[in-house]
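In what follows, a structure is listed as structure tokens, so that the remarks can point back to it.
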Amino acid sequence: MHPGRYQGRGTEMMPINARITRIVDETPSTKTFFLGLTLDGKPGQFVMVWIRGVDDIPMSLSYPDAITVQKVGDATSALFKLRKGDSVRIRGPIGNGFTLSGKSILLIAGGVGAAPLAPLAEEAKGKKIKVKTLLGAKTGDELLFVKRYRSAGDLQTATDDGSEGYKGPVTELLDGLDLREYDQIYSCGPEKMMSRVLEVAKGANMASKTQFSLQRYIKCGMGICGTCCIDPSGLRVCVDGPVFSGETLVDSEFGRYARDASGRKVRL
Amino acid sequence: MHPGRYQGRGTEMMPINARITRIVDETPSTKTFFLGLTLDGKPGQFVMVWIRGVDDIPMSLSYPDAITVQKVGDATSALFKLRKGDSVRIRGPIGNGFTLSGKSILLIAGGVGAAPLAPLAEEAKGKKIKVKTLLGAKTGDELLFVKRYRSAGDLQTATDDGSEGYKGPVTELLDGLDLREYDQIYSCGPEKMMSRVLEVAKGANMASKTQFSLQRYIKCGMGICGTCCIDPSGLRVCVDGPVFSGETLVDSEFGRYARDASGRKVRL
Amino acid sequence: MDLTTDVGGLKLKNPTILAAGILGTGAASLKRVVQHGAGAVVTKSTGVSPREGHPGPVLIKTEHGFLNAMGLPNPSYHEFVRELEMAKGDVPVIASIFGSDAREFEEVALGLSKASPDAFELNLSCPHAEGYGATLGTDPRKVKEIAKTVKNAVDVPVWVKLPPLANIAEVGLAAQEGGADAVVAINTIPAMAIDVESGYPILGNKVGGLSGAAIKPVALRCVYELCAALNIDVIGVGGISSWKDAIEFIMAGATAIEIGSAVHDDINVFRNISKGIMQFLEKRRCTLDGIRGVAQK
Amino acid sequence: MDLTTDVGGLKLKNPTILAAGILGTGAASLKRVVQHGAGAVVTKSTGVSPREGHPGPVLIKTEHGFLNAMGLPNPSYHEFVRELEMAKGDVPVIASIFGSDAREFEEVALGLSKASPDAFELNLSCPHAEGYGATLGTDPRKVKEIAKTVKNAVDVPVWVKLPPLANIAEVGLAAQEGGADAVVAINTIPAMAIDVESGYPILGNKVGGLSGAAIKPVALRCVYELCAALNIDVIGVGGISSWKDAIEFIMAGATAIEIGSAVHDDINVFRNISKGIMQFLEKRRCTLDGIRGVAQK
Ligand SMILES: Cc1cc2nc3c(=O)[nH]c(=O)nc-3n(C[C@H](O)[C@H](O)[C@H](O)COP(=O)(O)OP(=O)(O)OC[C@H]3O[C@@H](n4cnc5c(N)ncnc54)[C@H](O)[C@@H]3O)c2cc1C
Ligand SMILES: Cc1cc2nc3c(=O)[nH]c(=O)nc-3n(C[C@H](O)[C@H](O)[C@H](O)COP(=O)(O)OP(=O)(O)OC[C@H]3O[C@@H](n4cnc5c(N)ncnc54)[C@H](O)[C@@H]3O)c2cc1C
Ligand SMILES: Cc1cc2nc3c(=O)[nH]c(=O)nc-3n(C[C@H](O)[C@H](O)[C@H](O)COP(=O)(O)O)c2cc1C
Ligand SMILES: Cc1cc2nc3c(=O)[nH]c(=O)nc-3n(C[C@H](O)[C@H](O)[C@H](O)COP(=O)(O)O)c2cc1C
Ligand code: FES
Ligand code: FES
């Protein structure tokens with residue numbers, strides 16, 4: 001997790017033009033864009049998506065050939081306006097991605113954080129690894145990839161308003177589990193949620209068996225500009241991450257603050 | 001002989017530092033410098049030799065690992081001052097080189113023009129091709145590589161002052177030969193001498209079976225600057241040559257004029 | 001698909017032009033380049049008196065381009081005028097000229113006019129010949145004066161070739177005010193290399209100019225800024241070796257492009273680029289005019 | 001073999017320095033670079049008020065280098081002063097600052113002085129932020145004024161970072177007259193790239209700056225000319241990624257070197273270059289001082 005020389009595949013890849021072949025409405029706030037090309041990526045890796053004339057933003061691979069996007073601002077709104085046949089420019093896959101290991105794994109996903117974990121669940125199933133997923137969202141119709149998680153293994157859901165599954169934060173579902181049954185725990189979602197997962201895992205002496213996919217402001221996505229570096233290790237989310245072991249994140253800025261586009265610290 | 005895309009090997013080679021391992025006095029005006037490295041060159045190809053702080057000049061390979069230099073001006077004088085252990089920077093091999101073909105060949109060399117033909121004679125001998133050489137120089141002690149030519153086949157010499165061999169231009173030795181006995185004729189030396197060879201060959205309907213190594217002012221040695229281009233084909237001596245078929249040279253500037261460093265035409 | 005291009009007062013059958021100083025020493029090699037598809041050719045820069053140029057090495061290949069310090073070798077216009085005469089033929093021949101001031105530029109232009117070149121390209125940008133070139137090209141007043149003087153002296157189009165500058169648009173405007181029919185950008189970027197074995201600068205002249213792939217993004221930026229600021233044609237040059245490069249320049253707003261260093265890898269680069277542009281336009285079902293300057297929007 | 005280097009008023013354990021704007025947003029990443037062997041580190045350039053920077057893409061890889069238009073994102077000196085404090089440690093930390101005039105430079109320098117940086121580097125050369133940077137760095141009078149103002153305001157060494165210019169020695173002399181302890185050359189070269197699929201300039205800001213291998217010969221020429229003209233130290237930056245590159249700059253006369261884009265391929269580049277220099281010197285049985293500037297002779 002402290003590579004001197006970045007080994008990630010793909011950052012050398014020249015950007016390519018990707019024509020949108022299919023758009024799927026996943027939830028009221030998210031859509032999946034199929035890109036008509038299979039990136040040689042692994043779950044947890046991401047691509048930089050250039051919406052021409054607007055911005056260049058990081059998006060995880062939710063399928064080998066697709067990204068799943070939540071509309072939150074300028075660039076994602078511009079993306080939502082694109083139609084089948086329109087194109088974006090893609091660079092990637094970037095970053096390390098999740099490392100699959102063990103015989104039984106636990107996934108904890110919140111909101112659009114379900115995007116990078118879904119292909120991991122499927123890869124695990126393909127390798128006959130037992131998969132259990134805890135999936136959370138604000139409301140029932142915002143639960144992302146329910147079918148994919150269900151067909152990959154066991155699924156438990158939670159919503160803030162109780163419109164589906166458990167009513168409350170998805171992390172509370174952890175109380176009912178014995179974490180030691182899992183060889184590896186993977187999580188992606190709002191950072192407050194993930195830091196709660198790390199806390200629980202630490203309590204069970206399992207911090208070294210957790211992997212978290214971090215969201216930080218990404219500018220260059222090439223390990224050069226320093227925008228995405230985390231305290232106190234100075235590791236770069238874009239090329240040293242975005243996936244970090246819980247051990248690396250203990251006593252870090254994780255769950256406490258992040259930096260905005262100007263580099264200013266922002267409380268989470 | 002009219003390649004649209006330059007095929008010559010070696011121009012892509014980065015210059016390398018060559019330490020002089022041995023210096024051999026060949027004649028009062030020429031020395032051979034062994035460079036301690038075997039260039040993957042063929043007879044007739046040349047290298048650009050950078051004598052640091054002085055100039056960068058073209059020199060044919062006289063051995064796989066050596067150049068044989070006649071002292072004529074600034075750069076060659078500077079080269080003559082170098083000692084064993086000193087170094088020059090070498091780029092090459094450059095150009096097309098001679099094409100060996102047939103069962104019996106004739107070489108006509110004048111002065112330091114004997115340098116690129118000697119390795120050709122040896123290569124021919126190795127391939128059991130019959131070699132006959134006509135070697136000319138001003139005086140007997142200026143005859144270059146007599147031993148090498150003799151051991152490669154049959155040798156006849158000529159000197160301007162008659163101090164050795166025939167007294168007179170080496171081309172007059174052609175009168176005693178039946179050119180049709182030879183499958184290919186190779187020549188290197190003063191251009192007036194070579195143009196006489198072409199004339200004789202033309203007379204015997206053999207122009208298409210001759211190969212001449214031209215000396216033109218070489219600046220870039222990369223086919224870019226145009227200094228070495230010949231009329232009327234516009235072919236570049238440095239990368240399209242330096243070896244041209246007599247057919248290409250008939251009705252050209254060959255034997256009549258060349259250009260100096262400024263591009264001005266100079267009568268030969 | 002038609003690649004005919006009107007540029008800087010000339011009509012070209014395609015927009016690829018041989019750059020100055022590349023295979024431009026004699027009529028024969030200029031004609032050979034025409035055979036390989038160039039839409040026009042620019043000669044080696046000629047001045048008032050013969051120059052042998054700098055000692056070697058005069059051109060080296062770097063990892064990402066070429067470094068040269070030829071030193072403006074030329075036989076003077078007195079001698080070159082005959083070569084120019086012979087060079088004329090199927091495509092326009094543009095005479096590149098240099099001088100130390102407006103008067104010298106005028107003298108060379110008048111001297112070469114006897115051979116009726118199709119246009120003149122004023123080299124205001126050679127980075128490695130004391131007193132010539134880049135020192136003139138950075139000064140808008142001098143650029144305007146020289147352009148005006150030559151323009152008044154000759155009756156064919158006058159192009160002004162510029163050095164790469166942070167404020168290139170300003171200098172381009174000066175050329176336009178001087179009456180230039182087009183500007184050509186860019187010449188090489190002042191640069192050097194050192195031999196770590198010996199500590200010697202490798203070029204005989206120590207400092208030279210960088211050309212080839214390495215400078216393409218810089219040339220493209222210059223062309224983009226010139227096209228935004230000027231009304232006259234802009235001709236792009238610098239690191240162009242493929243049809244994609246050419247399209248980038250045309251999208252930036254260039255009317256035509258010149259090709260220099262890329263002849264090293266392939267003297268047929270002119271034909272190949274024309275072919276590539278043609279295929280690109282056919283696939284898109286559009287024309288050169290249709291894509292020209294789209295990046296300005 | 002000792003690589004200790006006195007440069008621009010600082011003592012470094014080796015002559016490799018992290019360049020401004022590279023992994024320099026926070027104390028943590030600066031420290032990580034120190035762990036990888038840097039002899040000193042320069043922070044991201046900081047100004048008077050927070051800037052988010054330009055929209056993306058802000059950095060693209062070209063065939064032979066990188067193009068960036070970050071747009072000087074920074075949280076302002078008010079916020080950055082704390083980060084700077086934490087960054088201090090084993091090796092000198094140089095605070096890079098920018099402003100639109102001498103007064104702003106002074107304000108930022110004074111503001112950051114609370115964190116006691118070991119030196120200041122004045123960014124007079126950012127090519128893609130309106131009103132800042134390169135427009136100042138091309139004007140010798142402004143360069144002198146800004147250098148002098150900051151030098152009078154602080155009591156640590158002041159370095160001036162220059163844009164690539166044809167007349168860089170002139171601007172370097174102005175910095176020296178202003179009291180600079182060293183000049184740093186070069187910043188990126190204004191450049192751009194266009195997406196041929198769509199005709200869009202690729203960088204969010206359209207125009208940006210070229211860095212990396214492509215610009216090495218240009219940077220080397222700038223350093224060579226500065227070393228010939230100035231008495232103060234010259235720090236070379238631009239396209240350095242190997243010990244050979246570093247030796248070229250030192251032979252040109254540079255006292256130390258900065259490394260930017262090369263961290264992309266290898267964040268351990270600092271240690272590797274130091275090792276390579278060491279081996280080179282050992283083989284030659286000479287010292288850094290022994291080879292420094294040999295190309296000037
Ligand atoms: C490694 C990684 C993977 C991601 N994967 C996904 C995914 O699969 N699906 C998804 O919907 N979102 C994903 N995101 C988040 C996504 O990048 C942002 O939602 C998007 O950039 C917002 O852009 P905007 O212009 O629409 O929003 P803005 O209006 O610019 O800002 C809205 C919020 O989005 C965040 N943001 C904006 N720009 C960036 C940026 N360049 N980098 C990171 N965050 C930014 C900021 O925190 C901001 O508060 C991922 C982020 C990272 C770092
Ligand atoms: C392809 C080729 C192969 C050659 N092989 C040999 C060889 O094996 N042995 C040998 O002794 N000589 C060879 N020469 C000639 C050799 O390059 C010149 O003698 C040498 O460059 C003279 O340099 P100088 O500075 O000593 O002479 P100068 O004082 O510069 O000039 C003396 C004469 O040498 C010629 N000359 C000078 N510079 C060059 C140059 N850059 N290119 C071509 N000619 C030049 C000019 O005609 C000039 O009149 C070859 C030339 C060519 C083109
Ligand atoms: C060997 C060489 C010689 C050149 N000579 C001239 C010249 O005489 N006049 C001129 O205006 N430009 C000259 N140039 C510059 C080129 O015309 C061109 O502007 C530059 O090389 C950039 O284009 P490129 O990257 O395609 O080579 C020369 C370039 C090279 C490489
Ligand atoms: C992404 C990026 C950001 C940069 N930011 C700054 C900056 O804030 N201040 C500055 O003075 N130079 C900045 N630079 C310029 C570098 O410090 C350096 O001068 C230039 O990149 C050339 O060095 P290189 O080829 O080693 O990268 C930046 C360069 C890059 C690539
Ligand atoms: S976003 Fe630039 S280093 Fe990660
Ligand atoms: S010497 Fe330059 S083209 Fe041959």
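By convention here, the chains of the structure tokens are called A, B, ... in the order presented, each chain's residues are numbered starting at 1, and ligands are numbered starting at 1 in the order presented.
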For chain A against ligand 1, with a cut-off of 7 Å and counting only C-alpha atoms and all ligand atoms, what is the closest atom pair and its distance in Å to one decimal for every residue that makes the cut, ordered by chain and number, as a Markdown table?
| residue | atom | partner | partner_atom_place_in_ligand_line | distance |
| --- | --- | --- | --- | --- |
| A:Phe46 | CA | ligand 1 | 1 (C) | 5.8 |
| A:Asp55 | CA | ligand 1 | 25 (O) | 6.8 |
| A:Asp56 | CA | ligand 1 | 41 (N) | 6.6 |
| A:Ile57 | CA | ligand 1 | 41 (N) | 4.5 |
| A:Pro58 | CA | ligand 1 | 17 (O) | 4.3 |
| A:Met59 | CA | ligand 1 | 5 (N) | 3.6 |
| A:Ser60 | CA | ligand 1 | 8 (O) | 3.9 |
| A:Leu61 | CA | ligand 1 | 8 (O) | 6.4 |
| A:Ser62 | CA | ligand 1 | 8 (O) | 6.6 |
| A:Ile67 | CA | ligand 1 | 8 (O) | 6.0 |
| A:Thr68 | CA | ligand 1 | 9 (N) | 5.2 |
| A:Val69 | CA | ligand 1 | 11 (O) | 3.5 |
| A:Gln70 | CA | ligand 1 | 11 (O) | 3.6 |
| A:Lys71 | CA | ligand 1 | 26 (O) | 6.1 |
| A:Val72 | CA | ligand 1 | 26 (O) | 4.8 |
| A:Gly73 | CA | ligand 1 | 26 (O) | 3.3 |
| A:Asp74 | CA | ligand 1 | 25 (O) | 4.0 |
| A:Ala75 | CA | ligand 1 | 25 (O) | 3.5 |
| A:Thr76 | CA | ligand 1 | 26 (O) | 3.6 |
| A:Ser77 | CA | ligand 1 | 26 (O) | 5.9 |
| A:Val112 | CA | ligand 1 | 9 (N) | 5.7 |
| A:Gly113 | CA | ligand 1 | 8 (O) | 6.8 |
| A:Ala115 | CA | ligand 1 | 8 (O) | 5.3 |
| A:Pro116 | CA | ligand 1 | 8 (O) | 6.3 |
| A:Leu214 | CA | ligand 1 | 1 (C) | 6.4 |
| A:Gln215 | CA | ligand 1 | 53 (C) | 3.8 |
| A:Arg216 | CA | ligand 1 | 53 (C) | 4.6 |
| A:Tyr217 | CA | ligand 1 | 43 (C) | 3.6 |
| A:Ile218 | CA | ligand 1 | 42 (N) | 4.0 |
| A:Lys219 | CA | ligand 1 | 41 (N) | 5.4 |
| A:Cys238 | CA | ligand 1 | 1 (C) | 6.6 |
| A:Pro242 | CA | ligand 1 | 1 (C) | 5.4 |
| A:Asp260 | CA | ligand 1 | 47 (O) | 6.8 |
Practice task
Using only C-alpha atoms and all ligand atoms, find each protein or nucleic acid residue lying at most 6 Å from ligand 6; present the set as a PyMOL selection string.
Solution key: chain B and resi 218-228+236-238
Selection from above, all heavy atoms, as a CSV table (one decimal), in the first residue's frame, can you write it?
chain,number,residue,atom,x,y,z
B,218,ILE,N,28.5,16.8,-46.3
B,218,ILE,CA,27.4,16.3,-45.5
B,218,ILE,C,27.3,17.2,-44.3
B,218,ILE,O,28.3,17.4,-43.6
B,218,ILE,CB,27.8,14.8,-45.0
B,218,ILE,CG1,28.0,13.9,-46.1
B,218,ILE,CG2,26.7,14.3,-44.0
B,218,ILE,CD1,26.8,13.4,-46.9
B,219,LYS,N,26.1,17.7,-44.0
B,219,LYS,CA,26.0,18.5,-42.8
B,219,LYS,C,25.2,17.7,-41.7
B,219,LYS,O,25.7,17.4,-40.7
B,219,LYS,CB,25.3,19.8,-43.1
B,219,LYS,CG,26.3,20.8,-43.7
B,219,LYS,CD,25.6,22.2,-44.0
B,219,LYS,CE,26.5,23.2,-44.6
B,219,LYS,NZ,26.9,24.2,-43.6
B,220,CYS,N,23.9,17.4,-42.1
B,220,CYS,CA,23.1,16.8,-41.0
B,220,CYS,C,23.2,15.3,-41.0
B,220,CYS,O,23.1,14.7,-39.9
B,220,CYS,CB,21.6,17.2,-41.2
B,220,CYS,SG,20.8,16.4,-42.6
B,221,GLY,N,23.5,14.7,-42.1
B,221,GLY,CA,23.6,13.2,-42.1
B,221,GLY,C,22.3,12.6,-41.7
B,221,GLY,O,22.3,11.4,-41.2
B,222,MET,N,21.2,13.3,-41.9
B,222,MET,CA,19.9,12.7,-41.5
B,222,MET,C,18.8,12.9,-42.5
B,222,MET,O,17.6,12.6,-42.3
B,222,MET,CB,19.4,13.4,-40.2
B,222,MET,CG,20.1,13.0,-39.0
B,222,MET,SD,19.2,13.6,-37.6
B,222,MET,CE,20.6,13.9,-36.5
B,223,GLY,N,19.2,13.3,-43.7
B,223,GLY,CA,18.2,13.5,-44.8
B,223,GLY,C,17.3,14.7,-44.6
B,223,GLY,O,16.2,14.7,-45.2
B,224,ILE,N,17.7,15.6,-43.8
B,224,ILE,CA,16.8,16.8,-43.5
B,224,ILE,C,17.2,18.1,-44.2
B,224,ILE,O,16.4,18.8,-44.7
B,224,ILE,CB,16.6,17.0,-42.0
B,224,ILE,CG1,15.8,15.8,-41.4
B,224,ILE,CG2,16.0,18.3,-41.6
B,224,ILE,CD1,15.6,15.9,-39.9
B,225,CYS,N,18.5,18.4,-44.1
B,225,CYS,CA,18.9,19.7,-44.5
B,225,CYS,C,19.0,20.0,-46.0
B,225,CYS,O,19.0,21.1,-46.4
B,225,CYS,CB,20.2,20.1,-43.8
B,225,CYS,SG,21.7,19.3,-44.5
B,226,GLY,N,19.3,18.9,-46.7
B,226,GLY,CA,19.3,19.1,-48.2
B,226,GLY,C,20.7,19.4,-48.7
B,226,GLY,O,20.9,19.5,-50.0
B,227,THR,N,21.7,19.6,-47.9
B,227,THR,CA,23.0,20.0,-48.3
B,227,THR,C,23.6,19.0,-49.4
B,227,THR,O,24.3,19.4,-50.3
B,227,THR,CB,24.0,20.0,-47.1
B,227,THR,OG1,23.4,20.9,-46.1
B,227,THR,CG2,25.4,20.5,-47.5
B,228,CYS,N,23.3,17.7,-49.2
B,228,CYS,CA,24.0,16.7,-50.0
B,228,CYS,C,23.2,16.2,-51.2
B,228,CYS,O,23.6,15.2,-51.8
B,228,CYS,CB,24.3,15.5,-49.1
B,228,CYS,SG,22.7,14.7,-48.6
B,236,ARG,N,19.4,12.2,-51.8
B,236,ARG,CA,20.3,12.7,-50.7
B,236,ARG,C,21.4,11.7,-50.6
B,236,ARG,O,21.2,10.5,-50.3
B,236,ARG,CB,19.5,12.7,-49.4
B,236,ARG,CG,18.4,13.8,-49.4
B,236,ARG,CD,17.4,13.5,-48.3
B,236,ARG,NE,16.6,12.3,-48.5
B,236,ARG,CZ,15.6,11.9,-47.8
B,236,ARG,NH1,15.2,12.6,-46.8
B,236,ARG,NH2,15.0,10.8,-48.1
B,237,VAL,N,22.7,12.2,-50.7
B,237,VAL,CA,23.8,11.3,-50.6
B,237,VAL,C,23.8,10.6,-49.2
B,237,VAL,O,24.1,9.5,-49.0
B,237,VAL,CB,25.1,12.0,-50.9
B,237,VAL,CG1,26.3,11.2,-50.5
B,237,VAL,CG2,25.2,12.4,-52.4
B,238,CYS,N,23.4,11.4,-48.2
B,238,CYS,CA,23.6,10.9,-46.8
B,238,CYS,C,22.6,9.7,-46.5
B,238,CYS,O,23.1,8.8,-45.8
B,238,CYS,CB,23.4,12.0,-45.8
B,238,CYS,SG,21.8,12.7,-45.6
Exercise for the section: Just the strand (DSSP E) stuff from stretch 72-286 of chain C, please, per backbone DSSP, written as a PyMOL selection string. Expected result: chain C and resi 93-97+119-123+158-162+182-185+189-191+208-211+233-237+256-259
Which residues of chain D are close to chain C, meaning at most 8 Å apart when you count only C-alpha atoms, and how do they look as an mmCIF file with N, CA and C atoms, in the first residue's frame?
data_model
loop_
_atom_site.group_PDB
_atom_site.id
_atom_site.type_symbol
_atom_site.label_atom_id
_atom_site.label_comp_id
_atom_site.auth_asym_id
_atom_site.auth_seq_id
_atom_site.Cartn_x
_atom_site.Cartn_y
_atom_site.Cartn_z
ATOM 1 N N HIS D 64 5.002 13.486 -25.631
ATOM 2 C CA HIS D 64 6.372 13.736 -25.178
ATOM 3 C C HIS D 64 6.468 14.591 -23.930
ATOM 4 N N GLY D 65 5.361 14.788 -23.246
ATOM 5 C CA GLY D 65 5.403 15.590 -22.039
ATOM 6 C C GLY D 65 4.019 15.701 -21.439
ATOM 7 N N LEU D 165 12.082 32.254 -21.992
ATOM 8 C CA LEU D 165 12.077 33.442 -22.847
ATOM 9 C C LEU D 165 13.293 33.412 -23.749
ATOM 10 N N ALA D 166 13.177 34.068 -24.893
ATOM 11 C CA ALA D 166 14.335 34.201 -25.769
ATOM 12 C C ALA D 166 15.400 35.040 -25.069
ATOM 13 N N ILE D 189 6.084 25.907 -20.826
ATOM 14 C CA ILE D 189 5.998 26.706 -22.057
ATOM 15 C C ILE D 189 4.542 26.749 -22.514
ATOM 16 N N PRO D 190 4.002 27.942 -22.768
ATOM 17 C CA PRO D 190 2.606 28.044 -23.200
ATOM 18 C C PRO D 190 2.329 27.127 -24.404
ATOM 19 N N ALA D 191 1.291 26.326 -24.300
ATOM 20 C CA ALA D 191 1.052 25.298 -25.312
ATOM 21 C C ALA D 191 -0.384 24.812 -25.214
ATOM 22 N N MET D 192 -0.802 23.994 -26.166
ATOM 23 C CA MET D 192 -2.166 23.469 -26.116
ATOM 24 C C MET D 192 -2.304 22.194 -26.927
ATOM 25 N N ALA D 193 -3.445 21.545 -26.792
ATOM 26 C CA ALA D 193 -3.749 20.370 -27.603
ATOM 27 C C ALA D 193 -5.222 20.433 -27.957
ATOM 28 N N ILE D 194 -5.555 19.892 -29.115
ATOM 29 C CA ILE D 194 -6.948 19.915 -29.563
ATOM 30 C C ILE D 194 -7.418 18.489 -29.809
ATOM 31 N N ASP D 195 -8.630 18.218 -29.399
ATOM 32 C CA ASP D 195 -9.241 16.913 -29.581
ATOM 33 C C ASP D 195 -9.817 16.840 -30.999
ATOM 34 N N VAL D 196 -9.212 16.011 -31.852
ATOM 35 C CA VAL D 196 -9.671 16.007 -33.243
ATOM 36 C C VAL D 196 -11.049 15.367 -33.399
ATOM 37 N N GLY D 199 -12.989 18.804 -31.965
ATOM 38 C CA GLY D 199 -12.541 20.154 -32.218
ATOM 39 C C GLY D 199 -12.349 20.986 -30.962
ATOM 40 N N TYR D 200 -12.630 20.407 -29.785
ATOM 41 C CA TYR D 200 -12.422 21.146 -28.543
ATOM 42 C C TYR D 200 -10.947 21.183 -28.144
ATOM 43 N N PRO D 201 -10.470 22.338 -27.700
ATOM 44 C CA PRO D 201 -9.179 22.327 -26.993
ATOM 45 C C PRO D 201 -9.344 21.395 -25.793
ATOM 46 N N VAL D 207 -5.751 26.908 -23.187
ATOM 47 C CA VAL D 207 -4.299 27.025 -23.271
ATOM 48 C C VAL D 207 -3.677 26.666 -21.926
ATOM 49 N N LEU D 210 3.397 23.476 -21.227
ATOM 50 C CA LEU D 210 4.051 22.198 -21.536
ATOM 51 C C LEU D 210 5.185 21.949 -20.548
ATOM 52 N N ALA D 213 9.613 15.840 -20.529
ATOM 53 C CA ALA D 213 10.753 15.581 -21.404
ATOM 54 C C ALA D 213 10.847 16.526 -22.598
ATOM 55 N N ALA D 214 9.702 16.873 -23.189
ATOM 56 C CA ALA D 214 9.719 17.703 -24.394
ATOM 57 C C ALA D 214 10.467 19.019 -24.193
ATOM 58 N N ILE D 215 10.414 19.577 -22.993
ATOM 59 C CA ILE D 215 10.975 20.923 -22.815
ATOM 60 C C ILE D 215 12.410 20.912 -22.293
ATOM 61 N N PRO D 217 15.421 20.389 -23.603
ATOM 62 C CA PRO D 217 16.450 21.162 -24.312
ATOM 63 C C PRO D 217 16.238 22.670 -24.205
ATOM 64 N N VAL D 218 14.989 23.096 -24.057
ATOM 65 C CA VAL D 218 14.693 24.523 -23.924
ATOM 66 C C VAL D 218 15.132 25.010 -22.545
ATOM 67 N N ALA D 219 14.792 24.232 -21.518
ATOM 68 C CA ALA D 219 15.182 24.586 -20.158
ATOM 69 C C ALA D 219 16.701 24.644 -20.039
ATOM 70 N N LEU D 220 17.362 23.680 -20.655
ATOM 71 C CA LEU D 220 18.823 23.605 -20.574
ATOM 72 C C LEU D 220 19.456 24.850 -21.202
ATOM 73 N N ARG D 221 18.905 25.262 -22.327
ATOM 74 C CA ARG D 221 19.418 26.474 -22.986
ATOM 75 C C ARG D 221 19.212 27.688 -22.084
ATOM 76 N N CYS D 222 18.057 27.794 -21.446
ATOM 77 C CA CYS D 222 17.786 28.922 -20.554
ATOM 78 C C CYS D 222 18.791 28.950 -19.401
ATOM 79 N N LYS D 244 21.223 11.586 -15.899
ATOM 80 C CA LYS D 244 21.892 12.168 -17.062
ATOM 81 C C LYS D 244 21.361 13.564 -17.334
ATOM 82 N N ILE D 247 22.818 15.861 -14.764
ATOM 83 C CA ILE D 247 24.224 16.181 -15.059
ATOM 84 C C ILE D 247 24.311 17.220 -16.179
ATOM 85 N N GLU D 248 23.450 17.090 -17.176
ATOM 86 C CA GLU D 248 23.455 18.101 -18.250
ATOM 87 C C GLU D 248 23.237 19.499 -17.670
ATOM 88 N N MET D 251 26.283 20.578 -15.685
ATOM 89 C CA MET D 251 27.359 20.955 -16.600
ATOM 90 C C MET D 251 27.076 22.304 -17.269
ATOM 91 N N ALA D 252 25.801 22.601 -17.449
ATOM 92 C CA ALA D 252 25.439 23.906 -18.017
ATOM 93 C C ALA D 252 25.681 25.017 -16.998
ATOM 94 N N ILE D 291 32.372 19.407 -11.994
ATOM 95 C CA ILE D 291 31.718 19.339 -13.303
ATOM 96 C C ILE D 291 30.791 20.529 -13.535
ATOM 97 N N VAL D 294 31.043 23.090 -16.716
ATOM 98 C CA VAL D 294 32.090 22.769 -17.699
ATOM 99 C C VAL D 294 31.651 23.081 -19.133
ATOM 100 N N ALA D 295 30.363 23.044 -19.386
ATOM 101 C CA ALA D 295 29.893 23.326 -20.751
ATOM 102 C C ALA D 295 30.041 24.805 -21.107
#
Handout entry: Spatial neighbours of C:Val156, 9 Å, only C-alpha atoms, chain gap at least 3 places, as a VMD selection string
Key = chain C and resid 9 116 to 120 151
Exercise for the section: Using backbone DSSP assignments, extract all alpha helix (DSSP H) residues from stretch 118-154 of chain A; output them as a PyMOL selection string. Expected result: chain A and resi 118-126+146-152
Exercise for the section: Enumerate as a VMD selection string the residues within 6 Å of ligand 3, counting only C-alpha atoms and all ligand atoms. Expected result: (chain B and resid 224 to 225) or (chain C and resid 19 to 22 44 to 45 68 72 123 186 to 188 211 to 212 237 to 240 259 to 262)
Problem - Residues near D:Val158, cut-off 8 Å, only C-alpha atoms, skip fewer than 3 positions along chain, as a PyMOL selection string - result: chain D and resi 8+119-122+147+150-151+179-182
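Going from atom CA of B:Ser208 to atom CA of B:Val250 covers 9.8 Å.
Atom to atom, atom CA of A:Arg148 and atom CA of A:Asp86 stand 26.9 Å apart.
With distances taken over only C-alpha atoms and all ligand atoms, A:Ile230 is the one residue among A:Ala18, A:Asp251, A:Arg256, A:Ile230 lying closest to ligand 5.
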